[in-house]
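The structure file upload07.cif is reproduced below (mmCIF, C-alpha atoms).
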data_structure
loop_
_atom_site.group_PDB
_atom_site.id
_atom_site.type_symbol
_atom_site.label_atom_id
_atom_site.label_comp_id
_atom_site.auth_asym_id
_atom_site.auth_seq_id
_atom_site.Cartn_x
_atom_site.Cartn_y
_atom_site.Cartn_z
ATOM 1 C CA ASP A 1 -3.568 40.459 -20.299
ATOM 2 C CA LEU A 2 -3.747 37.855 -23.079
ATOM 3 C CA SER A 3 -0.458 36.226 -22.059
ATOM 4 C CA ALA A 4 -1.514 36.370 -18.425
ATOM 5 C CA LEU A 5 -4.837 34.756 -19.278
ATOM 6 C CA SER A 6 -2.980 32.030 -21.136
ATOM 7 C CA GLN A 7 -0.835 31.350 -18.062
ATOM 8 C CA PHE A 8 -3.938 31.338 -15.868
ATOM 9 C CA ARG A 9 -5.621 28.864 -18.215
ATOM 10 C CA ALA A 10 -2.557 26.620 -18.017
ATOM 11 C CA GLY A 11 -2.809 26.536 -14.231
ATOM 12 C CA TYR A 12 -6.532 25.876 -14.396
ATOM 13 C CA THR A 13 -5.975 23.024 -16.862
ATOM 14 C CA PHE A 14 -3.251 21.401 -14.754
ATOM 15 C CA PHE A 15 -5.390 21.629 -11.611
ATOM 16 C CA TYR A 16 -8.885 20.702 -12.798
ATOM 17 C CA ASP A 17 -8.468 18.871 -16.098
ATOM 18 C CA MET A 18 -5.211 16.978 -15.577
ATOM 19 C CA GLY A 19 -5.376 16.487 -11.802
ATOM 20 C CA ASP A 20 -1.782 17.660 -11.355
ATOM 21 C CA PRO A 21 -1.769 20.210 -8.507
ATOM 22 C CA LEU A 22 2.029 20.412 -8.451
ATOM 23 C CA ARG A 23 2.214 21.805 -11.974
ATOM 24 C CA ALA A 24 -0.863 23.944 -11.343
ATOM 25 C CA ALA A 25 0.771 25.562 -8.314
ATOM 26 C CA LYS A 26 3.885 26.376 -10.327
ATOM 27 C CA ALA A 27 1.784 27.884 -13.124
ATOM 28 C CA PHE A 28 -0.177 30.103 -10.730
ATOM 29 C CA GLU A 29 2.985 31.175 -8.933
ATOM 30 C CA LYS A 30 4.586 32.139 -12.235
ATOM 31 C CA LEU A 31 1.429 34.085 -13.010
ATOM 32 C CA LYS A 32 1.719 36.048 -9.768
ATOM 33 C CA ALA A 33 5.431 36.685 -10.240
ATOM 34 C CA ASP A 34 5.403 37.726 -13.898
ATOM 35 C CA TYR A 35 2.280 39.807 -14.416
ATOM 36 C CA THR A 36 0.526 42.931 -13.207
ATOM 37 C CA PHE A 37 -3.179 42.326 -13.518
ATOM 38 C CA SER A 38 -6.143 44.301 -14.661
ATOM 39 C CA GLU A 39 -9.009 44.606 -12.209
ATOM 40 C CA SER A 40 -10.983 41.946 -14.089
ATOM 41 C CA LEU A 41 -8.226 39.345 -13.804
ATOM 42 C CA SER A 42 -7.134 40.236 -10.288
ATOM 43 C CA THR A 43 -10.371 38.699 -8.956
ATOM 44 C CA TYR A 44 -9.040 35.276 -9.963
ATOM 45 C CA THR A 45 -5.411 35.775 -9.037
ATOM 46 C CA LYS A 46 -6.227 36.742 -5.461
ATOM 47 C CA PHE A 47 -6.845 33.035 -4.882
ATOM 48 C CA GLU A 48 -4.372 32.117 -2.151
ATOM 49 C CA MET A 49 -2.235 29.040 -2.866
ATOM 50 C CA GLY A 50 -2.399 27.918 0.745
ATOM 51 C CA PRO A 51 -3.938 24.980 2.608
ATOM 52 C CA PHE A 52 -6.419 24.084 -0.154
ATOM 53 C CA VAL A 53 -3.703 23.555 -2.738
ATOM 54 C CA ALA A 54 -1.440 21.934 -0.142
ATOM 55 C CA HIS A 55 -4.157 19.376 0.566
ATOM 56 C CA SER A 56 -4.658 18.785 -3.148
ATOM 57 C CA ILE A 57 -0.937 18.160 -3.572
ATOM 58 C CA ARG A 58 -1.019 15.868 -0.533
ATOM 59 C CA ASP A 59 -3.897 13.872 -2.043
ATOM 60 C CA TYR A 60 -1.939 13.688 -5.291
ATOM 61 C CA GLY A 61 0.928 12.214 -3.263
ATOM 62 C CA PHE A 62 -1.372 9.479 -1.960
ATOM 63 C CA THR A 63 -2.401 8.697 -5.535
ATOM 64 C CA LEU A 64 1.247 8.399 -6.541
ATOM 65 C CA LEU A 65 1.905 6.118 -3.556
ATOM 66 C CA SER A 66 -0.945 3.823 -4.600
ATOM 67 C CA LYS A 67 0.659 3.550 -8.050
ATOM 68 C CA GLY A 68 4.036 2.616 -6.599
ATOM 69 C CA LEU A 69 5.638 5.899 -7.724
ATOM 70 C CA PHE A 70 7.478 6.448 -4.470
ATOM 71 C CA LYS A 71 10.004 9.063 -5.647
ATOM 72 C CA ASP A 72 7.257 11.171 -7.210
ATOM 73 C CA ALA A 73 5.170 10.750 -4.064
ATOM 74 C CA LYS A 74 8.094 11.948 -1.960
ATOM 75 C CA THR A 75 8.311 15.076 -4.117
ATOM 76 C CA ALA A 76 4.561 15.739 -3.844
ATOM 77 C CA PHE A 77 4.420 15.244 -0.091
ATOM 78 C CA GLY A 78 7.532 17.384 0.349
ATOM 79 C CA GLU A 79 5.818 20.168 -1.572
ATOM 80 C CA ALA A 80 2.650 19.742 0.502
ATOM 81 C CA VAL A 81 4.685 19.989 3.724
ATOM 82 C CA GLU A 82 6.384 23.169 2.483
ATOM 83 C CA ARG A 83 2.996 24.742 1.778
ATOM 84 C CA ASN A 84 1.339 23.673 5.021
ATOM 85 C CA ARG A 85 3.786 22.681 7.747
ATOM 86 C CA LYS A 86 0.973 22.106 10.240
ATOM 87 C CA ASP A 87 -0.705 19.266 8.328
ATOM 88 C CA PRO A 88 0.135 15.928 10.029
ATOM 89 C CA TRP A 89 -1.071 13.799 7.109
ATOM 90 C CA SER A 90 1.311 15.466 4.664
ATOM 91 C CA HIS A 91 4.152 14.617 7.039
ATOM 92 C CA SER A 92 2.884 11.055 7.428
ATOM 93 C CA GLY A 93 2.601 10.643 3.670
ATOM 94 C CA LEU A 94 6.175 11.886 3.301
ATOM 95 C CA ALA A 95 7.313 9.473 6.020
ATOM 96 C CA THR A 96 5.667 6.597 4.173
ATOM 97 C CA ALA A 97 7.362 7.488 0.889
ATOM 98 C CA LEU A 98 10.730 7.859 2.629
ATOM 99 C CA ALA A 99 10.348 4.466 4.319
ATOM 100 C CA LEU A 100 9.485 2.777 1.029
ATOM 101 C CA LEU A 101 12.569 4.376 -0.528
ATOM 102 C CA GLY A 102 14.764 2.996 2.258
ATOM 103 C CA GLU A 103 15.456 6.390 3.853
ATOM 104 C CA GLN A 104 14.635 5.029 7.297
ATOM 105 C CA ASN A 105 16.177 7.656 9.595
ATOM 106 C CA GLN A 106 14.484 10.537 7.794
ATOM 107 C CA ALA A 107 11.264 8.536 7.645
ATOM 108 C CA LEU A 108 11.186 8.049 11.419
ATOM 109 C CA GLU A 109 11.991 11.704 12.073
ATOM 110 C CA THR A 110 9.178 12.796 9.755
ATOM 111 C CA ALA A 111 6.730 10.299 11.281
ATOM 112 C CA GLN A 112 7.533 11.694 14.729
ATOM 113 C CA GLN A 113 6.881 15.225 13.445
ATOM 114 C CA ALA A 114 3.497 14.070 12.141
ATOM 115 C CA LEU A 115 2.579 12.675 15.554
ATOM 116 C CA GLY A 116 3.599 15.937 17.177
ATOM 117 C CA LEU A 117 1.184 17.775 14.904
ATOM 118 C CA GLY A 118 -1.702 15.382 15.471
ATOM 119 C CA ALA A 119 -1.888 11.860 16.869
ATOM 120 C CA ASP A 120 -4.674 9.953 15.127
ATOM 121 C CA GLU A 121 -5.060 6.431 13.762
ATOM 122 C CA TYR A 122 -3.234 7.334 10.558
ATOM 123 C CA THR A 123 -0.196 9.118 11.994
ATOM 124 C CA VAL A 124 0.248 6.415 14.651
ATOM 125 C CA ALA A 125 -0.092 3.650 12.045
ATOM 126 C CA VAL A 126 2.423 5.350 9.763
ATOM 127 C CA ARG A 127 5.029 5.419 12.518
ATOM 128 C CA GLY A 128 4.292 1.722 12.935
ATOM 129 C CA PHE A 129 4.809 1.219 9.211
ATOM 130 C CA VAL A 130 8.144 3.070 9.360
ATOM 131 C CA HIS A 131 9.275 0.795 12.207
ATOM 132 C CA ASP A 132 7.972 -2.186 10.232
ATOM 133 C CA GLN A 133 9.959 -1.282 7.104
ATOM 134 C CA ALA A 134 13.102 -0.892 9.205
ATOM 135 C CA GLY A 135 12.652 -4.320 10.814
ATOM 136 C CA ARG A 136 11.732 -2.939 14.228
ATOM 137 C CA TYR A 137 8.806 -5.318 14.501
ATOM 138 C CA GLN A 138 8.036 -5.028 18.207
ATOM 139 C CA GLU A 139 7.801 -1.241 17.985
ATOM 140 C CA ALA A 140 5.713 -1.577 14.832
ATOM 141 C CA ALA A 141 3.264 -3.953 16.506
ATOM 142 C CA LYS A 142 2.821 -1.573 19.440
ATOM 143 C CA ASP A 143 1.975 1.303 17.109
ATOM 144 C CA TYR A 144 -0.421 -0.800 15.048
ATOM 145 C CA GLN A 145 -2.196 -1.838 18.252
ATOM 146 C CA LYS A 146 -2.407 1.810 19.345
ATOM 147 C CA ALA A 147 -3.833 2.791 15.968
ATOM 148 C CA LEU A 148 -6.489 0.074 16.258
ATOM 149 C CA MET A 149 -7.468 1.384 19.692
ATOM 150 C CA ILE A 150 -8.311 4.675 17.964
ATOM 151 C CA LEU A 151 -9.986 3.105 14.915
ATOM 152 C CA SER A 152 -10.575 -0.624 15.218
ATOM 153 C CA ASN A 153 -11.809 -1.305 11.683
ATOM 154 C CA ASN A 154 -8.813 -0.187 9.643
ATOM 155 C CA PRO A 155 -8.151 -3.169 7.339
ATOM 156 C CA ALA A 156 -4.610 -2.122 6.336
ATOM 157 C CA VAL A 157 -3.504 -1.838 9.970
ATOM 158 C CA LEU A 158 -5.159 -5.164 10.825
ATOM 159 C CA TYR A 159 -3.379 -6.798 7.880
ATOM 160 C CA ASN A 160 0.021 -5.425 8.884
ATOM 161 C CA LEU A 161 -0.453 -6.443 12.500
ATOM 162 C CA ALA A 162 -1.490 -9.960 11.471
ATOM 163 C CA ARG A 163 1.607 -10.224 9.291
ATOM 164 C CA LEU A 164 3.766 -9.323 12.296
ATOM 165 C CA TYR A 165 2.060 -11.987 14.417
ATOM 166 C CA GLU A 166 3.150 -14.486 11.755
ATOM 167 C CA ILE A 167 6.711 -13.198 12.019
ATOM 168 C CA PHE A 168 6.486 -13.634 15.795
ATOM 169 C CA GLY A 169 5.322 -17.231 15.240
ATOM 170 C CA ASP A 170 1.840 -16.648 16.686
ATOM 171 C CA CYS A 171 -0.153 -18.147 13.823
ATOM 172 C CA GLY A 172 -3.350 -18.400 15.836
ATOM 173 C CA GLU A 173 -3.417 -14.671 16.580
ATOM 174 C CA ALA A 174 -2.391 -13.944 12.987
ATOM 175 C CA ALA A 175 -5.335 -15.963 11.666
ATOM 176 C CA SER A 176 -7.725 -14.179 14.016
ATOM 177 C CA VAL A 177 -6.577 -10.710 12.911
ATOM 178 C CA TYR A 178 -6.569 -11.628 9.206
ATOM 179 C CA ARG A 179 -10.193 -12.735 9.623
ATOM 180 C CA GLU A 180 -11.027 -9.351 11.146
ATOM 181 C CA ALA A 181 -9.458 -7.603 8.150
ATOM 182 C CA LEU A 182 -11.407 -9.808 5.739
ATOM 183 C CA LYS A 183 -14.684 -8.947 7.453
ATOM 184 C CA ILE A 184 -14.069 -5.410 6.225
ATOM 185 C CA LEU A 185 -12.551 -6.203 2.802
ATOM 186 C CA ASP A 186 -13.549 -9.730 1.864
ATOM 187 C CA LYS A 187 -12.243 -9.673 -1.722
ATOM 188 C CA TRP A 188 -8.604 -9.158 -0.753
ATOM 189 C CA PRO A 189 -6.342 -11.774 -2.385
ATOM 190 C CA GLU A 190 -3.247 -11.083 -0.252
ATOM 191 C CA ALA A 191 -5.203 -11.336 2.989
ATOM 192 C CA HIS A 192 -6.801 -14.629 1.930
ATOM 193 C CA ASN A 193 -3.383 -15.967 0.923
ATOM 194 C CA ASN A 194 -1.823 -14.938 4.224
ATOM 195 C CA LEU A 195 -4.741 -16.342 6.198
ATOM 196 C CA GLY A 196 -4.161 -19.593 4.319
ATOM 197 C CA HIS A 197 -0.522 -19.494 5.371
ATOM 198 C CA ALA A 198 -1.534 -18.993 9.009
ATOM 199 C CA TYR A 199 -3.925 -21.963 8.806
ATOM 200 C CA PHE A 200 -1.176 -24.061 7.201
ATOM 201 C CA CYS A 201 1.115 -23.126 10.075
ATOM 202 C CA LEU A 202 -1.598 -24.354 12.476
ATOM 203 C CA GLY A 203 -1.941 -27.654 10.585
ATOM 204 C CA LYS A 204 -5.451 -26.742 9.374
ATOM 205 C CA TYR A 205 -4.830 -27.834 5.788
ATOM 206 C CA SER A 206 -8.396 -27.915 4.500
ATOM 207 C CA GLU A 207 -8.980 -24.356 5.763
ATOM 208 C CA ALA A 208 -5.645 -23.309 4.280
ATOM 209 C CA ALA A 209 -6.526 -24.803 0.888
ATOM 210 C CA ALA A 210 -9.855 -22.963 0.887
ATOM 211 C CA GLU A 211 -8.145 -19.623 1.519
ATOM 212 C CA PHE A 212 -5.441 -20.188 -1.099
ATOM 213 C CA LYS A 213 -8.105 -21.192 -3.603
ATOM 214 C CA THR A 214 -10.114 -18.044 -2.855
ATOM 215 C CA ALA A 215 -7.006 -15.901 -3.313
ATOM 216 C CA ALA A 216 -6.280 -17.550 -6.671
ATOM 217 C CA GLU A 217 -9.881 -17.131 -7.805
ATOM 218 C CA LEU A 218 -9.870 -13.454 -6.873
ATOM 219 C CA ARG A 219 -6.641 -12.956 -8.803
ATOM 220 C CA PRO A 220 -6.058 -15.760 -11.335
ATOM 221 C CA ASP A 221 -2.458 -14.654 -12.010
ATOM 222 C CA TYR A 222 -1.517 -14.760 -8.317
ATOM 223 C CA VAL A 223 1.428 -17.146 -8.622
ATOM 224 C CA LEU A 224 2.143 -17.475 -4.905
ATOM 225 C CA ALA A 225 -1.455 -18.394 -4.104
ATOM 226 C CA HIS A 226 -1.415 -21.163 -6.738
ATOM 227 C CA TYR A 227 1.919 -22.421 -5.414
ATOM 228 C CA ASN A 228 0.694 -22.418 -1.818
ATOM 229 C CA LEU A 229 -2.443 -24.255 -2.902
ATOM 230 C CA ALA A 230 -0.310 -26.877 -4.661
ATOM 231 C CA VAL A 231 1.843 -27.374 -1.564
ATOM 232 C CA THR A 232 -1.277 -27.744 0.585
ATOM 233 C CA TYR A 233 -2.853 -30.253 -1.794
ATOM 234 C CA GLU A 234 0.381 -32.257 -1.675
ATOM 235 C CA LYS A 235 0.338 -32.134 2.113
ATOM 236 C CA GLU A 236 -3.212 -33.507 2.050
ATOM 237 C CA GLY A 237 -2.157 -36.307 -0.296
ATOM 238 C CA ARG A 238 -4.120 -34.910 -3.258
ATOM 239 C CA LYS A 239 -1.275 -35.476 -5.697
ATOM 240 C CA ASP A 240 -3.170 -34.947 -8.947
ATOM 241 C CA HIS A 241 -4.572 -31.646 -7.729
ATOM 242 C CA ALA A 242 -1.127 -30.645 -6.493
ATOM 243 C CA GLU A 243 0.531 -31.319 -9.854
ATOM 244 C CA GLN A 244 -2.229 -29.418 -11.649
ATOM 245 C CA GLU A 245 -1.579 -26.347 -9.494
ATOM 246 C CA TYR A 246 2.190 -26.647 -9.877
ATOM 247 C CA ARG A 247 1.676 -26.615 -13.643
ATOM 248 C CA ARG A 248 -0.462 -23.499 -13.342
ATOM 249 C CA VAL A 249 2.402 -21.847 -11.490
ATOM 250 C CA ILE A 250 4.837 -22.705 -14.294
ATOM 251 C CA ALA A 251 2.386 -21.479 -16.931
ATOM 252 C CA LEU A 252 2.086 -18.162 -15.111
ATOM 253 C CA ASP A 253 5.776 -17.843 -14.300
ATOM 254 C CA PRO A 254 8.206 -20.160 -16.137
ATOM 255 C CA SER A 255 11.056 -18.896 -13.939
ATOM 256 C CA PHE A 256 9.402 -20.313 -10.806
ATOM 257 C CA LYS A 257 11.820 -23.242 -10.480
ATOM 258 C CA GLN A 258 10.420 -24.526 -7.179
ATOM 259 C CA ALA A 259 7.286 -25.667 -8.976
ATOM 260 C CA GLU A 260 9.225 -27.744 -11.518
ATOM 261 C CA VAL A 261 11.312 -29.274 -8.742
ATOM 262 C CA ALA A 262 8.119 -30.040 -6.815
ATOM 263 C CA ILE A 263 6.596 -31.843 -9.825
ATOM 264 C CA GLN A 264 9.696 -34.011 -10.252
ATOM 265 C CA SER A 265 9.698 -34.811 -6.534
ATOM 266 C CA LEU A 266 5.988 -35.631 -6.643
ATOM 267 C CA ARG A 267 6.507 -38.055 -9.532
ATOM 268 C CA LYS A 268 9.393 -39.797 -7.761
ATOM 269 C CA LYS A 269 7.217 -40.299 -4.693
ATOM 270 C CA THR A 270 4.425 -41.696 -6.877
ATOM 271 C CA ARG A 271 6.784 -44.176 -8.603
ATOM 272 C CA ALA A 272 8.255 -45.225 -5.253
ATOM 273 C CA ALA A 273 4.778 -45.925 -3.942
#
Can you present the structure in this file as structure tokens?
Amino acid sequence: DLSALSQFRAGYTFFYDMGDPLRAAKAFEKLKADYTFSESLSTYTKFEMGPFVAHSIRDYGFTLLSKGLFKDAKTAFGEAVERNRKDPWSHSGLATALALLGEQNQALETAQQALGLGADEYTVAVRGFVHDQAGRYQEAAKDYQKALMILSNNPAVLYNLARLYEIFGDCGEAASVYREALKILDKWPEAHNNLGHAYFCLGKYSEAAAEFKTAAELRPDYVLAHYNLAVTYEKEGRKDHAEQEYRRVIALDPSFKQAEVAIQSLRKKTRAA
């Protein structure tokens, strides 16, 4: 029983202390396979590694996704699907990981399976995301709109839909949807930057500058926001402010050659004037 207890403790540690349900599941399964238990230990080993652990592994997959560990997330979601084939969110998580890894056909098939198990705002939005990643923008937009009909205040879906409106050239609608997303998450640098881009597209340069500035303030190392702000200042004729922002871009990213070129061009225009 001592070796069995040691194996049980390993599973417990992986699950509760280290937050790694994949390794915990393997430890508990090894425990079941390798040992015959005394009555005192069998109370604990009767714990069924079913939906509860599957959901824990699924949640672990979402954590891995948020960290950009797409291959590891694919493994976790695949394990979650194997343990509970009726869970639509495990399938949707797997579809997301597959799409981010460029496995588009498998991603779409898995997203469709998720919808067959349960159509909600998340599974519909994930199919939209799969279409989006594959460049099927019209299909993606339709799914994002459907997802918002189910749950209208999902900021990620609003953001993705607004981005597609920009691709379609509808900057007015893009700006409107970005504003809706920012009502929910106002300290979102990427959304402020993209809203600034939509305003710039509409010729609303002062509004664009304000959004780019907010994005840069929220994330001081946001190179693109500083660059966009510099371009907007130049468009407004605020040359000193523009050069200052271009220099910030170079300080943050010396390889950003467009900023150096822009400074040289700005100086030539000043001398010509």
Given the file shown, enumerate the residues that the PyMOL selection byres ((chain A and resi 251) around 12) captures and present them as a ChimeraX atom specification.
/A:220-223,226-227,244-250,252-257,259-260
Which residue of A:Gln106, A:His91, A:Cys201, A:Tyr159 approaches Ile184 of chain A most closely, using all atoms listed in the file
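Answer, going by the shortest atom-to-atom distance: A:Tyr159.
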Any chance you could resolve the PyMOL selection byres ((chain A and resi 177) around 9) against this file and give the residues as a PyMOL selection string?
chain A and resi 158-159+161-163+165+172-176+178-182+195
Would you mind listing what lies within 6 Å of Ala80 of chain A as a count of residues only, with all atoms listed in the file counted and same-chain residues fewer than 6 positions away left out?
3
In Å, rounded to a single decimal, give me how far atom CA of Asp132 of chain A is from atom CA of Glu79 of chain A.
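According to the coordinates, atom CA of Glu79 of chain A and atom CA of Asp132 of chain A are separated by 25.4 Å.
From atom CA of Thr270 of chain A back to atom CA of Lys204 of chain A, the distance works out to 24.2 Å.
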Name the residues captured by the PyMOL selection byres ((chain A and resi 141) around 9) when it is applied to the shown file; answer as a list in words.
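Taken on the displayed file, the PyMOL selection byres ((chain A and resi 141) around 9) yields the residues Gly128, His131, Asp132, Arg136, Tyr137, Gln138, Glu139, Ala140, Lys142, Asp143, Tyr144, Gln145, Lys146, Asn160, Leu161, Leu164 and Tyr165 of chain A.
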Which is closest to Glu207 of chain A among A:Trp188, A:Tyr122, A:Tyr233, A:Phe168, if we use all atoms listed in the file?
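Closest candidate: A:Tyr233.
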For each of A:Ala198, A:Ile167, A:Val231, A:Leu98, take the minimum atom-to-atom distance to Leu266 of chain A, counting only C-alpha atoms, then give the residue where this is smallest.
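Smallest separation from Leu266 of chain A among the options: A:Val231.
Restricting the calculation to all atoms listed in the file, the smallest distance between Arg85 of chain A and any of A:Ala114, A:Ala208, A:Leu185, A:Val261 is found for A:Ala114.
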Using atom CA of Thr214 of chain A and atom CA of Lys187 of chain A as the two end points, give the distance in Å to one decimal.
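Straight-line distance from atom CA of Thr214 of chain A to atom CA of Lys187 of chain A works out to 8.7 Å.
Proximity to Ser152 of chain A was assessed for A:Ala76, A:Glu121, A:Lys268, A:Asp240 counting all atoms listed in the file; the smallest distance is recorded for A:Glu121.
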What's around Ala95 of chain A at 7 Å? Count all atoms listed in the file, leave out sequence neighbours fewer than 5 positions away in its own chain, and write the answer as an mmCIF file with C-alpha atoms, in the frame of the given file.
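Okay, around.cif is ready:
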data_model
loop_
_atom_site.group_PDB
_atom_site.id
_atom_site.type_symbol
_atom_site.label_atom_id
_atom_site.label_comp_id
_atom_site.auth_asym_id
_atom_site.auth_seq_id
_atom_site.Cartn_x
_atom_site.Cartn_y
_atom_site.Cartn_z
ATOM 1 C CA ALA A 107 11.264 8.536 7.645
ATOM 2 C CA LEU A 108 11.186 8.049 11.419
ATOM 3 C CA THR A 110 9.178 12.796 9.755
ATOM 4 C CA ALA A 111 6.730 10.299 11.281
#
With all atoms listed in the file counted, which protein, DNA or RNA residues have an atom no more than 12 Å from (9.6, -0.3, 0.5) in the file frame? Please answer as a list of chain:residue names.
A:Leu65, A:Gly68, A:Leu69, A:Phe70, A:Lys71, A:Ala95, A:Thr96, A:Ala97, A:Leu98, A:Ala99, A:Leu100, A:Leu101, A:Gly102, A:Glu103, A:Gln104, A:Ala107, A:Phe129, A:Val130, A:His131, A:Asp132, A:Gln133, A:Ala134, A:Gly135
With C-alpha atoms retained, export the selected residues as a PDB file, in the coordinates of the input.
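Result file result-v1.pdb:
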ATOM      1  CA  LEU A  65       1.905   6.118  -3.556  1.00  0.00           C
ATOM      2  CA  GLY A  68       4.036   2.616  -6.599  1.00  0.00           C
ATOM      3  CA  LEU A  69       5.638   5.899  -7.724  1.00  0.00           C
ATOM      4  CA  PHE A  70       7.478   6.448  -4.470  1.00  0.00           C
ATOM      5  CA  LYS A  71      10.004   9.063  -5.647  1.00  0.00           C
ATOM      6  CA  ALA A  95       7.313   9.473   6.020  1.00  0.00           C
ATOM      7  CA  THR A  96       5.667   6.597   4.173  1.00  0.00           C
ATOM      8  CA  ALA A  97       7.362   7.488   0.889  1.00  0.00           C
ATOM      9  CA  LEU A  98      10.730   7.859   2.629  1.00  0.00           C
ATOM     10  CA  ALA A  99      10.348   4.466   4.319  1.00  0.00           C
ATOM     11  CA  LEU A 100       9.485   2.777   1.029  1.00  0.00           C
ATOM     12  CA  LEU A 101      12.569   4.376  -0.528  1.00  0.00           C
ATOM     13  CA  GLY A 102      14.764   2.996   2.258  1.00  0.00           C
ATOM     14  CA  GLU A 103      15.456   6.390   3.853  1.00  0.00           C
ATOM     15  CA  GLN A 104      14.635   5.029   7.297  1.00  0.00           C
ATOM     16  CA  ALA A 107      11.264   8.536   7.645  1.00  0.00           C
ATOM     17  CA  PHE A 129       4.809   1.219   9.211  1.00  0.00           C
ATOM     18  CA  VAL A 130       8.144   3.070   9.360  1.00  0.00           C
ATOM     19  CA  HIS A 131       9.275   0.795  12.207  1.00  0.00           C
ATOM     20  CA  ASP A 132       7.972  -2.186  10.232  1.00  0.00           C
ATOM     21  CA  GLN A 133       9.959  -1.282   7.104  1.00  0.00           C
ATOM     22  CA  ALA A 134      13.102  -0.892   9.205  1.00  0.00           C
ATOM     23  CA  GLY A 135      12.652  -4.320  10.814  1.00  0.00           C
TER      24      GLY A 135
END
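Here the question is which of A:Leu202, A:Asp186, A:Ala209, A:Val124 gets nearest to Arg238 of chain A using only C-alpha atoms, and that residue is A:Ala209.
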Distance query Ala225 of chain A at most 8 Å, all atoms listed in the file, self and fewer than 2 positions along chain excluded, as number ranges by chain
A: 193, 212-213, 215-216, 222-223, 227-229
